[in-house]
Structure formats: structure tokens, C-alpha cells
Amino acid sequence: MSVLFFLQLKRALKAVPRVIAGATIPLLLVGMAVFFAWSHYTSSSKTLLSPVALVNQDAGDSLNMILPMITESEAASGFTFMEMSEAAAMKALEKGDVCAALILPKDMVSGILDSTNTPARLYLPKSTTAPSLLIGKYAEAGSRTLGASQAGIYSATDLYKTYGLTDHLSDVYYDINTANLKYALSRESAFSVASTTATGMLSLPEYYGCTLFLCILLFFGAGMGSFLGTPAPKTFSDQLRRNGMGTFSLELSLFLPLGLFFFILTFCLGGLAHIFLPGLSFTGATALFLLCLALCFTAFTQLIFSFTKNTGHGLLLFLFLGLFMILFGGGFLPYAFLPDLCTDLTPFLPLAACLAGLRRAVTGALSLTDSLLLLLHFGVLSGLLVLLSLIGRREVHE
Amino acid sequence: MLNVEHISFSYRKKEVLRDISFTAKEGDFIGIIGKNGCGKSTLLSVLAGVRLPAGGTVSFDGVPLFSKKGASAGIIGYVPQLNPLLPELSVRDNVRLWKQKSTAPDTSSDELFLRLELTDVMHTPVAKLSEGLKKRVSIASVLQNHPKILILDEPSAALDLPCKEVIHKQLLTFSEQGGIVLFTSHEEAELSLCSTLYILKEGCLLQVPNTLDKHTLIQQF
């Protein structure tokens with residue numbers, strides 16, 4: 001058995017250049033897809049902000065002081081304000097280029113202060129969209145805030161008058177107004193912004209980094225699996241059996257080199273991932289998890305190539321099932337976009353379970369107990385896969 | 001002395017071999033002929049211990065060959081029709097794979113490579129070899145273990161004349177040194193080397209004179 005094991009290792013080493021060449025092409029394609037998706041995501045992220053036309057007819061200092069409080073407030077972070085003329089604003093609104101047009105009239109601030117109240121006008125399209133509704137609500141909340149602010153200013157004025165301090169009123173009038181507006185506007189919060197994402201605790205690069213990790217294992221595994229996992233000709237195993245080698249030893253001598261390949265590849269990738277995904281720290285739990293990963297991939301590869309007589313068919317089936325499991329594990333689209341069935345099936349699909357475990361490892365939420373449980377989980381799955389692969393070999397041979 | 005007694009074998013319900021018995025002594029060169037699909041390869045695989053017979057025994061010098069796993073490997077060398085070789089490995093590695101611990105040291109392999117004219121391709125991957133060379137590698141893998149009986153399934157099918165010549169020379173040498181050669185073939189020239197000729201017909205093995213001409217032999221089929 002030892003001779004066969006070492007010769008299998010020698011075969012594996014000889015196959016490495018072919019395996020790398022074979023994996024490079026699909027990885028390049030995946031890399032290009034990720035690159036373009038990433039470029040699209042980053043370039044389109046700005047356009048995701050809803051544009052609002054802002055017409056500023058009040059050239060006064062007060063409005064210029066207040067304006068950033070409106071446009072740069074947290075509640076308005078979903079909008080981008082574009083200053084333009086009233087005509088241009090109305091045209092943009094008609095064309096649907098903006099979701100709303102906010103017209104701040106001349107002497108708006110002084111009107112607030114002296115209670116003449118020249119209102120700001122908010123134009124919304126007739127076919128109301130979500131951003132239009134939001135800016136409407138935002139303006140409504142703003143006007144309530146201004147109302148409260150005005151009430152504060154007028155109360156303070158009345159108070160000064162009641163206590164006969166009207167002489168001082170002219171001195172402090174401007175300060176009272178400014179202070180009232182300042183506190184009222186800074187406390188304005190029509191919406192509190194909280195963020196959530198379909199990728200959960202993982203950032204987008206971390207999320208797809210996990211997928212890439214498994215894809216690399218899959219593509220390299222396809223090459224090496226087609227080489228080492230494909231059953232040897234019947235005459236080959238017959239001769240080994242004639243020489244006294246038992247079925248268990250024979251399978252083990254074929255399984256071990258493949259396992260060793262996945263073990264080395266998984267740990268190399270783990271090292272690389274540690275650089276790019278800082279969350280993946282090398283603890284005992286992570287090492288144990290990577291071992292589980294290698295075990296699971298070995299068993300899966302062994303299974304697929306045991307059931308196929310033809311290497312080409314084996315490759316196709318391996319890649320199809322592998323990618324299907326990664327898809328079901330939310331590797332390409334987060335679970336939020338997938339049917340609930342995917343979440344339910346994850347524990348039973350080896351590669352989907354691997355993906356879930358890897359995500360936990362990257363978030364640093366993987367404890368030693370978790371890893372041991374995963375080892376048990378993957379051990380059972382791998383055991384089943386190996387058992388099936390033995391049946392597969394028997395079927396192929398018969 | 002090889003003693004085959006009452007061997008029978010079936011594929012599910014189809015009986016392929018029926019009560020086959022024969023003996024072979026040292027130096028015998030036995031050829032087995034028969035129609036395609038008549039069970040020649042099955043018979044050889046049963047004799048080699050690859051398949052277990054439904055009934056009957058095979059013994060050599062009175063010792064049953066298949067009572068213990070791997071027991072026949074030291075006595076019988078079996079060259080199947082399809083070469084049991086790993087294509088990515090070199091000739092030397094493939095031969096090394098089939099070496100049994102109990103046999104002579106590695107030096108005998110070099111001598112074997114020389115005899116089978118494989119020295120030049122010793123380090124070449126098997127995938128790059130012609131069919132004739134592959135067959136010679138298979139034979140070398142078996143001969144290195146110094147078997148007493150050599151079983152070959154169509155050893156020179158689809159090979160060129162020089163290659164056949166090398167193989168025949170080795171088989172004759174093996175036989176002259178006291179080994180028993182048992183093979184199946186459809187080649188006239190190869191059958192002319194036989195000391196004994198059998199025809200397998202409807203699961204039964206019948207001895208035919210090896211002096212029969214081609215037309216008479218065809219009538220026997």
C-alpha cells in the first residue's frame with residue numbers, strides 16, 4: 001500500500017501544472033465577473049442616492065448658514081441636493097431626473113423670524129415614488145421642526161415683552177433667533193438612519209471572499225479529482241487485489257493523496273485569506289475548521305469521480321453540483337434573495353455547510369466547540385459520501 | 001504441475017464455464033482459442049484468481065491457489081488484455097508498483113528491461129508509449145516476480161511484428177526455463193508456438209491437435 005500511496009502522490013505532483021492550468025481559466029472568468037460586478041457596484045452606489053433639485057432664491061447669510069444643516073443632515077443622507085434655477089428644477093422634475101424640487105423663497109429666514117412665513121415649496125411628481133414620498137416626509141418633519149423653532153423664538157420675544165425688557169430685545173433679537181434655530185435644527189431627526197445588509201455581519205468583500213475561497217477549492221479540486229479520484233481501470237484494481245490488497249487499503253491509498261492535496265490547498269488558501277480577510281485569524285478553532293473543509297472536499301470529490309466512468313462527465317457533474325451547492329449556500333446571491341428552502345437545505349449540502357462555516361470563521365464567531373461540532377457534522381457527511389463513493393466504484397466496475 | 005478441476009462460472013444466470021478440467025506441467029505452452037465472447041478471458045481471470053469460480057479448484061503442486069488472499073500472486077503472473085498501468089507514471093515506477101516484497105531485488109528489473117527492450121523508455125511516462133511497449137511493460141511487471149505460471153490474455157493483439165517477436169521470445173524463454181504459459185489468442189503464428197491447444201466452446205474446454213490447419217480449426221469453432 002505504501003508504494004501505491006507514494007506513487008499516487010507522485011502522480012498528484014505531476015498533475016499539479018495541469019491542475020493549475022485547468023483551474024486558472026474558470027478562476028479568471030470568476031475574477032473578471034467579480035471585477036465587473038464590483039466596478040458596477042462602486043460606480044452605481046452614488047446614483048443610488050435620490051436626486052433633489054434645490055432652488056435657493058434667498059441669498060441671505062442666515063439661509064446659507066442653515067442650508068448645510070438641511071442638505072447634510074443624517075436624515076437626508078439618502079438624497080443628493082443639486083442647486084439649480086427654478087425653471088431647470090421644474091424641467092428636471094418633469095423629466096423624472098429628480099424625485100422632488102425644493103424651492104426656498106426669497107427672505108425665507110427673515111420671514112420665519114418676523115412671522116410673515118413665506119413658505120418653502122416642495123414640488124413632487126404626480127406619480128409618487130418611494131424617494132418622493134421620503135423627501136415629502138422629510139420636508140414635513142422639517143416644517144414641524146421650524147414650527148417648533150418659531151414657537152420658541154416668539155415665546156422668548158413675548159417673555160421679554162412681559163417682563164418689560166423690550167429695550168434689550170433689539171440687542172438680543174438676532175441671538176435668540178439664531179440660537180433657537182440652531183438647537184431646533186440640530187435636534188431635527190425625521191428619520192434615524194440605521195444600516196442593514198443582506199450579507200449580515202460580513203462586508204461585501206468578506207462575503208464574496210468566502211465564495212471565492214470555495215470556488216478556488218472547487219476548481220482546483222476538479223482538476224485533481226479528475227486525476228486521482230477517477231477509478232483506475234478494473235484490471236488495475238484486480239491486480240492489486242490479487243496481490244493481497246484489501247478493499248479498505250485500496251480505497252485508502254486512493255483517498256489519502258487526494259485528502260493530502262486538499263489539506264495543503266485549504267491551509268495555503270487559509271493563509272492567503274488571513275491576509276485579505278483579517279477576520280480570519282489562525283486559532284485552533286480555525287485550523288480545525290480548515291481540516292473539516294479539506295475532509296469534506298475530499299469526500300465530495302471522491303464521491304463524484306467514483307460514480308462516473310468518464311472523466312469529462314465527472315468534471316461536469318462535479319462542477320455543476322459544486323456550484324449548485326455554493327449557490328444554495330448563498331454564495332452568489334445572499335439568502336435574502338433565495339427561497340427559504342436554501343436555508344433549510346444548507347446543513348445537508350456539504351459545500352453549503354462549508355460556506356456557512358467559513359463565514360462564521362471570517363466573522364471570528366467560530367469557537368473550538370463550534371469547530372468540533374462542525375467536525376462531527378462534516379465527519380458524518382464525509383462518511384456518507386465515502387460510503388456512497390465505494391458503492392459508486394463497485395457499480396462502475398460491475 | 002497445475003491442476004484445474006471442475007471449474008464452473010456464471011454471470012448471473014448465464015453459465016459461461018462448465019466443468020472445466022485440465023492439467024499443465026512445467027514447460028507447457030498452452031493456447032486457448034474460441035469465438036469472441038465465448039468466455040476465454042473469463043476463464044483466464046478465474047485461473048488468475050481475479051474472479052472466484054462457482055465451483056471447482058485450482059492447485060499448483062498440490063497446493064490450492066485461492067484458499068488465501070494474495071496466495072496465487074507469487075505463483076501466477078497475470079497479464080490482462082487491458083494494461084493495468086498508471087499512464088502518468090514512468091515505466092520504472094509502474095513496474096515497481098507490481099513488485100512483490102518476497103521476490104528478488106531491484107537489479108533483476110534492469111535485466112528484465114534489457115530483455116524486453118525497455119531500457120530506453122525506462123523513465124518515459126507510460127502514456128507516451130505505443131501499445132506494444134505498454135504490453136511489454138505489463139509483461140515485465142509480472143515477470144519481475146518470477147512466477148511459475150504466466151497467464152496472458154491476447155498478449156500480441158494489434159501489435160506490430162517486431163513487438164510480437166520480442167514478446168514471443170520472452171514467452172518461449174519463460175517456458176524453456178520450466179514455466180507454464182497459458183494464453184488466449186486469435187493469431188495463427190502465436191498458436192503455432194503452442195505445445196497444447198484448447199478450444200473453448202459453449203463453456204466447455206476441448207483439446208484440439210495443434211497441427212490442424214486453419215480451415216479445420218475454423219470448423220471446430
# chains A, B, ... in the order shown; residues from 1 in each chain; ligands from 1
call {"tool": "select_by_dssp", "arguments": {"residues": "region 112-172 of chain B", "states": "strand (DSSP E or B)", "output": "VMD selection string"}}
result
chain B and resid 125 149 to 153
call {"tool": "residues_around", "arguments": {"residues": "Leu388 (chain A)", "least_positions_apart": "2", "cutoff": "12 Å", "atoms": "only C-alpha atoms", "output": "list of chain:residue names"}}
result
A:Ala299, A:Phe300, A:Thr301, A:Gln302, A:Leu303, A:Ile304, A:Phe305, A:Ser306, A:Phe307, A:Leu381, A:Ser382, A:Gly383, A:Leu384, A:Leu385, A:Val386, A:Leu390, A:Ile391, A:Gly392, A:Arg393, A:Arg394, A:Glu395
call {"tool": "write_last_selection", "arguments": {"atoms": "C-alpha atoms", "output": "short mmCIF file (atom, residue, chain, number, x, y, z; two decimals), in the first residue's frame"}}
result
data_model
loop_
_atom_site.label_atom_id
_atom_site.label_comp_id
_atom_site.auth_asym_id
_atom_site.auth_seq_id
_atom_site.Cartn_x
_atom_site.Cartn_y
_atom_site.Cartn_z
CA ALA A 299 -15.10 13.11 0.31
CA PHE A 300 -17.19 15.08 -2.18
CA THR A 301 -14.55 14.78 -4.91
CA GLN A 302 -14.09 11.08 -4.24
CA LEU A 303 -17.84 10.56 -4.44
CA ILE A 304 -18.39 12.35 -7.73
CA PHE A 305 -15.49 10.81 -9.58
CA SER A 306 -16.32 7.34 -8.25
CA PHE A 307 -19.72 7.38 -9.85
CA LEU A 381 -21.41 13.90 5.86
CA SER A 382 -17.99 12.80 4.62
CA GLY A 383 -18.53 9.28 5.93
CA LEU A 384 -21.76 9.07 3.98
CA LEU A 385 -20.08 10.43 0.87
CA VAL A 386 -17.20 7.96 1.11
CA LEU A 390 -17.45 2.89 -2.53
CA ILE A 391 -20.83 1.82 -3.86
CA GLY A 392 -20.16 4.02 -6.90
CA ARG A 393 -16.85 2.31 -7.57
CA ARG A 394 -18.48 -1.08 -7.28
CA GLU A 395 -21.23 -0.03 -9.69
#
call {"tool": "residues_around", "arguments": {"residues": "Ala158 (chain B)", "least_positions_apart": "6", "cutoff": "12 Å", "atoms": "only C-alpha atoms", "output": "PyMOL selection string"}}
result
chain B and resi 81+130-133+135+164+185-187
call {"tool": "interface_residues", "arguments": {"of": "chain B", "to": "chain A", "cutoff": "9 Å", "atoms": "only C-alpha atoms", "output": "PyMOL selection string"}}
result
chain B and resi 48-51+68-74+78+80-86+88-89+93-94+96-98+100
call {"tool": "write_last_selection", "arguments": {"atoms": "C-alpha atoms", "output": "compact mmCIF listing (two decimals), in the first residue's frame"}}
result
# COMPACT_ATOMS: atom_id res chain seq x y z
CA ALA B 48 -5.58 -15.97 -12.17
CA GLY B 49 -7.76 -15.56 -9.09
CA VAL B 50 -9.40 -12.30 -10.17
CA ARG B 51 -12.84 -13.95 -10.21
CA LYS B 68 -5.81 -17.39 1.00
CA LYS B 69 -5.89 -13.78 -0.25
CA GLY B 70 -2.89 -12.99 -2.45
CA ALA B 71 -1.65 -16.60 -2.34
CA SER B 72 -1.73 -17.02 -6.13
CA ALA B 73 0.17 -13.78 -6.82
CA GLY B 74 3.57 -15.35 -6.17
CA TYR B 78 -1.40 -12.48 -14.98
CA PRO B 80 -4.84 -8.94 -18.66
CA GLN B 81 -5.97 -7.69 -22.03
CA LEU B 82 -6.10 -4.08 -20.79
CA ASN B 83 -2.82 -2.97 -19.34
CA PRO B 84 -3.01 -2.33 -15.58
CA LEU B 85 -0.73 0.69 -15.76
CA LEU B 86 -0.89 4.25 -14.47
CA GLU B 88 1.29 9.39 -15.86
CA LEU B 89 3.99 7.35 -14.17
CA ASP B 93 7.50 3.32 -11.43
CA ASN B 94 4.78 1.19 -12.97
CA ARG B 96 7.92 -1.03 -9.21
CA LEU B 97 4.23 -0.83 -8.27
CA TRP B 98 3.71 -4.50 -9.05
CA GLN B 100 6.20 -8.15 -4.53
call {"tool": "select_by_dssp", "arguments": {"residues": "region 196-248 of chain A", "states": "helix (DSSP H, G or I)", "output": "CSV table (one decimal) with C-alpha atoms, in the first residue's frame"}}
result
chain,number,residue,atom,x,y,z
A,204,LEU,CA,-19.3,42.6,0.8
A,205,PRO,CA,-15.6,41.7,0.1
A,206,GLU,CA,-15.6,39.3,3.0
A,207,TYR,CA,-18.9,37.7,1.8
A,208,TYR,CA,-17.7,37.1,-1.7
A,209,GLY,CA,-14.2,36.3,-0.4
A,210,CYS,CA,-15.7,33.2,1.3
A,211,THR,CA,-17.3,32.3,-2.0
A,212,LEU,CA,-14.1,32.7,-3.9
A,213,PHE,CA,-12.3,30.6,-1.3
A,214,LEU,CA,-14.7,27.7,-2.1
A,215,CYS,CA,-14.6,28.3,-5.8
A,216,ILE,CA,-10.8,28.0,-5.8
A,217,LEU,CA,-11.1,24.7,-3.9
A,218,LEU,CA,-13.7,23.6,-6.3
A,219,PHE,CA,-11.8,24.4,-9.5
A,220,PHE,CA,-8.5,23.0,-8.2
A,221,GLY,CA,-10.4,20.0,-6.8
A,222,ALA,CA,-12.0,19.4,-10.2
A,223,GLY,CA,-8.6,19.1,-11.8
A,224,MET,CA,-7.0,16.9,-9.2
A,225,GLY,CA,-10.2,14.9,-8.6
A,226,SER,CA,-10.4,14.0,-12.3
A,227,PHE,CA,-6.8,12.8,-11.9
A,228,LEU,CA,-6.8,11.0,-8.6
A,229,GLY,CA,-10.4,10.4,-7.9
A,234,LYS,CA,-10.7,-2.6,-13.4
A,235,THR,CA,-7.6,-4.5,-14.4
A,236,PHE,CA,-5.5,-2.2,-12.1
A,237,SER,CA,-7.6,-2.8,-9.0
A,238,ASP,CA,-7.9,-6.5,-9.9
A,239,GLN,CA,-4.2,-6.8,-9.9
A,240,LEU,CA,-3.9,-5.0,-6.6
A,241,ARG,CA,-6.5,-7.4,-5.1
A,242,ARG,CA,-4.6,-10.4,-6.5
A,247,THR,CA,-10.7,-3.1,-0.5
A,248,PHE,CA,-10.1,-0.7,2.5
call {"tool": "decode", "arguments": {"residues": "region 128-197 of chain B", "atoms": "C-alpha atoms", "output": "PDB file, in the first residue's frame"}}
result
ATOM      1  CA  LYS B 128       3.691   8.293 -24.202  1.00  0.00           C
ATOM      2  CA  LEU B 129       4.355   4.671 -25.129  1.00  0.00           C
ATOM      3  CA  SER B 130       2.949   2.666 -28.019  1.00  0.00           C
ATOM      4  CA  GLU B 131       0.558  -0.214 -27.290  1.00  0.00           C
ATOM      5  CA  GLY B 132       3.324  -2.719 -27.963  1.00  0.00           C
ATOM      6  CA  LEU B 133       5.626  -1.110 -25.425  1.00  0.00           C
ATOM      7  CA  LYS B 134       2.801  -0.912 -22.882  1.00  0.00           C
ATOM      8  CA  LYS B 135       2.170  -4.620 -23.268  1.00  0.00           C
ATOM      9  CA  ARG B 136       5.867  -5.287 -22.732  1.00  0.00           C
ATOM     10  CA  VAL B 137       5.758  -3.152 -19.568  1.00  0.00           C
ATOM     11  CA  SER B 138       2.805  -5.236 -18.333  1.00  0.00           C
ATOM     12  CA  ILE B 139       4.755  -8.418 -19.008  1.00  0.00           C
ATOM     13  CA  ALA B 140       7.828  -7.000 -17.253  1.00  0.00           C
ATOM     14  CA  SER B 141       5.663  -6.109 -14.225  1.00  0.00           C
ATOM     15  CA  VAL B 142       4.646  -9.736 -13.977  1.00  0.00           C
ATOM     16  CA  LEU B 143       7.952 -11.415 -14.835  1.00  0.00           C
ATOM     17  CA  GLN B 144       9.871  -9.474 -12.172  1.00  0.00           C
ATOM     18  CA  ASN B 145       8.097 -11.563  -9.537  1.00  0.00           C
ATOM     19  CA  HIS B 146       9.377 -14.818 -11.052  1.00  0.00           C
ATOM     20  CA  PRO B 147       6.014 -16.592 -11.337  1.00  0.00           C
ATOM     21  CA  LYS B 148       5.713 -20.304 -12.036  1.00  0.00           C
ATOM     22  CA  ILE B 149       2.728 -19.828 -14.331  1.00  0.00           C
ATOM     23  CA  LEU B 150       2.218 -16.998 -16.809  1.00  0.00           C
ATOM     24  CA  ILE B 151      -1.346 -16.255 -17.899  1.00  0.00           C
ATOM     25  CA  LEU B 152      -1.771 -13.817 -20.773  1.00  0.00           C
ATOM     26  CA  ASP B 153      -4.955 -12.564 -22.368  1.00  0.00           C
ATOM     27  CA  GLU B 154      -4.295 -11.915 -26.047  1.00  0.00           C
ATOM     28  CA  PRO B 155      -0.720 -10.770 -25.468  1.00  0.00           C
ATOM     29  CA  SER B 156       0.050  -9.694 -29.007  1.00  0.00           C
ATOM     30  CA  ALA B 157      -3.302  -8.414 -30.240  1.00  0.00           C
ATOM     31  CA  ALA B 158      -2.880  -5.419 -32.558  1.00  0.00           C
ATOM     32  CA  LEU B 159       0.881  -5.259 -32.117  1.00  0.00           C
ATOM     33  CA  ASP B 160       3.475  -4.876 -34.856  1.00  0.00           C
ATOM     34  CA  LEU B 161       5.672  -7.790 -35.912  1.00  0.00           C
ATOM     35  CA  PRO B 162       8.919  -6.758 -34.129  1.00  0.00           C
ATOM     36  CA  CYS B 163       6.978  -6.258 -30.935  1.00  0.00           C
ATOM     37  CA  LYS B 164       5.272  -9.627 -31.249  1.00  0.00           C
ATOM     38  CA  GLU B 165       8.697 -11.153 -31.838  1.00  0.00           C
ATOM     39  CA  VAL B 166      10.075  -9.702 -28.588  1.00  0.00           C
ATOM     40  CA  ILE B 167       7.069 -10.963 -26.631  1.00  0.00           C
ATOM     41  CA  HIS B 168       7.131 -14.443 -28.179  1.00  0.00           C
ATOM     42  CA  LYS B 169      10.836 -14.737 -27.459  1.00  0.00           C
ATOM     43  CA  GLN B 170      10.224 -13.932 -23.802  1.00  0.00           C
ATOM     44  CA  LEU B 171       7.354 -16.373 -23.521  1.00  0.00           C
ATOM     45  CA  LEU B 172       9.405 -19.166 -25.089  1.00  0.00           C
ATOM     46  CA  THR B 173      12.327 -18.408 -22.777  1.00  0.00           C
ATOM     47  CA  PHE B 174       9.967 -18.492 -19.798  1.00  0.00           C
ATOM     48  CA  SER B 175       8.571 -21.826 -20.943  1.00  0.00           C
ATOM     49  CA  GLU B 176      12.026 -23.291 -21.605  1.00  0.00           C
ATOM     50  CA  GLN B 177      13.040 -22.356 -18.083  1.00  0.00           C
ATOM     51  CA  GLY B 178      10.236 -24.551 -16.751  1.00  0.00           C
ATOM     52  CA  GLY B 179       7.389 -22.059 -16.530  1.00  0.00           C
ATOM     53  CA  ILE B 180       3.858 -22.779 -17.664  1.00  0.00           C
ATOM     54  CA  VAL B 181       2.471 -20.367 -20.265  1.00  0.00           C
ATOM     55  CA  LEU B 182      -1.283 -20.141 -20.697  1.00  0.00           C
ATOM     56  CA  PHE B 183      -2.699 -17.654 -23.132  1.00  0.00           C
ATOM     57  CA  THR B 184      -5.613 -16.823 -25.381  1.00  0.00           C
ATOM     58  CA  SER B 185      -5.079 -15.689 -28.925  1.00  0.00           C
ATOM     59  CA  HIS B 186      -6.517 -15.293 -32.372  1.00  0.00           C
ATOM     60  CA  GLU B 187      -3.095 -15.114 -34.019  1.00  0.00           C
ATOM     61  CA  GLU B 188      -2.115 -18.067 -36.205  1.00  0.00           C
ATOM     62  CA  ALA B 189       1.594 -17.503 -35.732  1.00  0.00           C
ATOM     63  CA  GLU B 190       1.217 -17.377 -31.998  1.00  0.00           C
ATOM     64  CA  LEU B 191      -0.841 -20.554 -31.886  1.00  0.00           C
ATOM     65  CA  SER B 192       1.893 -22.380 -33.790  1.00  0.00           C
ATOM     66  CA  LEU B 193       4.139 -21.932 -30.721  1.00  0.00           C
ATOM     67  CA  CYS B 194       1.774 -23.941 -28.524  1.00  0.00           C
ATOM     68  CA  SER B 195       2.565 -27.366 -27.176  1.00  0.00           C
ATOM     69  CA  THR B 196      -1.107 -27.834 -26.322  1.00  0.00           C
ATOM     70  CA  LEU B 197      -4.138 -26.171 -27.844  1.00  0.00           C
TER      71      LEU B 197
END
